$ cat my_file03.pdb   # PDB, C-alpha atoms
ATOM      1  CA  MET A   1       0.000   0.000   0.000
ATOM      2  CA  GLU A   2       1.351   3.467  -0.890
ATOM      3  CA  ALA A   3       2.087   5.926   1.941
ATOM      4  CA  SER A   4      -0.597   8.386   0.789
ATOM      5  CA  GLU A   5      -3.219   5.608   0.890
ATOM      6  CA  THR A   6      -2.117   4.732   4.422
ATOM      7  CA  ALA A   7      -2.368   8.402   5.424
ATOM      8  CA  GLN A   8      -5.884   8.669   3.986
ATOM      9  CA  ARG A   9      -7.020   5.542   5.833
ATOM     10  CA  PHE A  10      -5.606   6.890   9.085
ATOM     11  CA  ALA A  11      -7.507  10.209   8.963
ATOM     12  CA  HIS A  12     -10.057  10.276  11.799
ATOM     13  CA  GLU A  13     -11.142  12.546  14.632
ATOM     14  CA  GLN A  14      -7.829  12.300  16.529
ATOM     15  CA  TRP A  15      -5.745  13.095  13.431
ATOM     16  CA  PRO A  16      -7.886  15.245  11.091
ATOM     17  CA  TYR A  17      -4.923  16.857   9.302
ATOM     18  CA  ASP A  18      -4.302  16.733   5.559
ATOM     19  CA  PRO A  19      -1.204  14.641   4.865
ATOM     20  CA  LYS A  20       1.607  16.523   3.138
ATOM     21  CA  PHE A  21       4.799  15.008   1.775
ATOM     22  CA  LYS A  22       8.249  16.247   0.679
ATOM     23  CA  GLN A  23      11.289  14.431  -0.698
ATOM     24  CA  VAL A  24      14.090  14.707   1.867
ATOM     25  CA  ASN A  25      17.460  13.174   0.992
ATOM     26  CA  GLY A  26      15.706  10.808  -1.393
ATOM     27  CA  TRP A  27      13.027   9.684   1.089
ATOM     28  CA  ARG A  28       9.348  10.617   1.211
ATOM     29  CA  MET A  29       8.727  12.497   4.449
ATOM     30  CA  HIS A  30       5.266  13.205   5.872
ATOM     31  CA  TYR A  31       4.449  16.387   7.741
ATOM     32  CA  VAL A  32       1.541  18.444   9.068
ATOM     33  CA  ASP A  33       1.456  22.171   8.303
ATOM     34  CA  GLU A  34      -1.566  23.896   9.863
ATOM     35  CA  GLY A  35      -2.486  27.488  10.656
ATOM     36  CA  THR A  36      -0.867  30.836   9.934
ATOM     37  CA  GLY A  37       1.313  33.223  11.865
ATOM     38  CA  ASP A  38       4.621  32.646  13.596
ATOM     39  CA  PRO A  39       5.675  29.000  13.164
ATOM     40  CA  VAL A  40       6.017  26.425  15.922
ATOM     41  CA  VAL A  41       7.881  23.256  14.923
ATOM     42  CA  LEU A  42       7.079  20.175  17.004
ATOM     43  CA  LEU A  43       9.747  17.462  16.676
ATOM     44  CA  HIS A  44       9.338  13.940  17.979
ATOM     45  CA  GLY A  45      11.994  11.645  19.349
ATOM     46  CA  ASN A  46      12.662   7.969  18.752
ATOM     47  CA  PRO A  47      10.470   5.851  18.537
ATOM     48  CA  ALA A  48       7.554   8.308  18.445
ATOM     49  CA  TRP A  49       5.978  10.199  15.529
ATOM     50  CA  GLY A  50       3.945  13.387  14.980
ATOM     51  CA  PHE A  51       0.797  11.811  16.437
ATOM     52  CA  LEU A  52       2.417  12.521  19.808
ATOM     53  CA  TYR A  53       1.425  16.197  19.333
ATOM     54  CA  ARG A  54      -2.186  15.640  18.227
ATOM     55  CA  LYS A  55      -3.567  17.556  21.242
ATOM     56  CA  PHE A  56      -1.180  20.505  20.751
ATOM     57  CA  ILE A  57      -1.932  21.385  17.125
ATOM     58  CA  LYS A  58      -5.473  22.740  17.445
ATOM     59  CA  PRO A  59      -4.846  24.986  20.508
ATOM     60  CA  LEU A  60      -1.716  26.404  18.897
ATOM     61  CA  THR A  61      -3.456  27.157  15.588
ATOM     62  CA  GLU A  62      -6.406  28.687  17.465
ATOM     63  CA  ALA A  63      -3.870  30.933  19.229
ATOM     64  CA  GLY A  64      -2.757  32.237  15.821
ATOM     65  CA  ARG A  65       0.333  30.092  15.282
ATOM     66  CA  ARG A  66       1.452  28.034  12.305
ATOM     67  CA  VAL A  67       2.217  24.482  13.464
ATOM     68  CA  ILE A  68       4.619  22.220  11.573
ATOM     69  CA  VAL A  69       4.966  18.605  12.688
ATOM     70  CA  PRO A  70       7.278  16.389  10.611
ATOM     71  CA  ASP A  71       7.382  12.618  10.846
ATOM     72  CA  MET A  72      11.071  11.764  10.651
ATOM     73  CA  VAL A  73      11.976   9.283   7.914
ATOM     74  CA  GLY A  74      11.271   5.793   9.199
ATOM     75  CA  PHE A  75       8.472   6.898  11.542
ATOM     76  CA  GLY A  76       4.752   7.641  11.355
ATOM     77  CA  LEU A  77       3.473   8.212   7.835
ATOM     78  CA  SER A  78       6.939   8.865   6.356
ATOM     79  CA  GLU A  79       8.663   6.356   4.122
ATOM     80  CA  LYS A  80      10.309   3.448   5.961
ATOM     81  CA  PRO A  81      13.747   2.391   4.682
ATOM     82  CA  VAL A  82      14.089  -1.372   4.458
ATOM     83  CA  ARG A  83      17.889  -1.439   4.694
ATOM     84  CA  GLU A  84      19.343  -0.850   8.150
ATOM     85  CA  GLN A  85      22.222   1.115   6.565
ATOM     86  CA  ALA A  86      19.769   3.636   5.058
ATOM     87  CA  THR A  87      19.494   5.481   8.368
ATOM     88  CA  ARG A  88      22.153   5.654  11.022
ATOM     89  CA  LEU A  89      23.176   7.976  13.825
ATOM     90  CA  THR A  90      26.932   7.960  13.216
ATOM     91  CA  ALA A  91      29.276   8.194  10.252
ATOM     92  CA  THR A  92      30.999   5.046   9.017
ATOM     93  CA  SER A  93      34.458   6.622   8.585
ATOM     94  CA  PRO A  94      37.175   5.330  10.936
ATOM     95  CA  ILE A  95      38.318   7.517  13.827
TER      96      ILE A  95
END

$ encode --input "my_file03.pdb" --output "structure tokens"
Amino acid sequence: MEASETAQRFAHEQWPYDPKFKQVNGWRMHYVDEGTGDPVVLLHGNPAWGFLYRKFIKPLTEAGRRVIVPDMVGFGLSEKPVREQATRLTATSPI
């Protein structure tokens, strides 16, 4: 199933946001971009995803803020690499 189909199936009352996607370093990354005004970027940690902030988005947009919530590659509705080497925390060069 394609990521956009998964995102459409997931839309419900707890996550009523239109899915948006961008290519980032060759991977399809999902994000929420709601509201207008000064931006607030909500970043999740590992192993969470943007759904963590579902109760923050509406109050922030109602307060006149633009809220951006990316799903890091490999999490949430973003593309999931199948090779372990596709995402890593450290460089592979020797010290």

$ resolve_selection --input "my_file03.pdb" --expression "the PyMOL selection byres ((chain A and resi 63) around 12)" --output "PDB file with C-alpha atoms, in the coordinates of the input"
ATOM      1  CA  GLU A  34      -1.566  23.896   9.863  1.00  0.00           C
ATOM      2  CA  GLY A  35      -2.486  27.488  10.656  1.00  0.00           C
ATOM      3  CA  THR A  36      -0.867  30.836   9.934  1.00  0.00           C
ATOM      4  CA  GLY A  37       1.313  33.223  11.865  1.00  0.00           C
ATOM      5  CA  ASP A  38       4.621  32.646  13.596  1.00  0.00           C
ATOM      6  CA  PRO A  39       5.675  29.000  13.164  1.00  0.00           C
ATOM      7  CA  VAL A  40       6.017  26.425  15.922  1.00  0.00           C
ATOM      8  CA  PHE A  56      -1.180  20.505  20.751  1.00  0.00           C
ATOM      9  CA  ILE A  57      -1.932  21.385  17.125  1.00  0.00           C
ATOM     10  CA  LYS A  58      -5.473  22.740  17.445  1.00  0.00           C
ATOM     11  CA  PRO A  59      -4.846  24.986  20.508  1.00  0.00           C
ATOM     12  CA  LEU A  60      -1.716  26.404  18.897  1.00  0.00           C
ATOM     13  CA  THR A  61      -3.456  27.157  15.588  1.00  0.00           C
ATOM     14  CA  GLU A  62      -6.406  28.687  17.465  1.00  0.00           C
ATOM     15  CA  GLY A  64      -2.757  32.237  15.821  1.00  0.00           C
ATOM     16  CA  ARG A  65       0.333  30.092  15.282  1.00  0.00           C
ATOM     17  CA  ARG A  66       1.452  28.034  12.305  1.00  0.00           C
ATOM     18  CA  VAL A  67       2.217  24.482  13.464  1.00  0.00           C
TER      19      VAL A  67
END

$ atom_distance --input "my_file03.pdb" --atom1 "atom CA of A:Val82" --atom2 "atom CA of A:Arg54"
27.3 Å

$ closest_residue --input "my_file03.pdb" --among "A:Arg28, A:Ile68, A:Gly50, A:His44" --to "A:Lys80" --atoms "only C-alpha atoms"
A:Arg28

$ resolve_selection --input "my_file03.pdb" --expression "the PyMOL selection byres ((chain A and resi 77-79) around 9)" --output "PyMOL selection string"
chain A and resi 3-4+6-7+19+21+27-31+49-50+70-76+80-81

$ atom_distance --input "my_file03.pdb" --atom1 "atom CA of A:Asn25" --atom2 "atom CA of A:Pro47"
20.3 Å

$ residues_around --input "my_file03.pdb" --residues "A:Val69" --least-positions-apart "5" --cutoff "7 Å" --atoms "all atoms listed in the file" --output "CSV table (one decimal) with C-alpha atoms, in the frame of the given file"
chain,number,residue,atom,x,y,z
A,31,TYR,CA,4.4,16.4,7.7
A,32,VAL,CA,1.5,18.4,9.1
A,33,ASP,CA,1.5,22.2,8.3
A,41,VAL,CA,7.9,23.3,14.9
A,42,LEU,CA,7.1,20.2,17.0
A,43,LEU,CA,9.7,17.5,16.7
A,50,GLY,CA,3.9,13.4,15.0
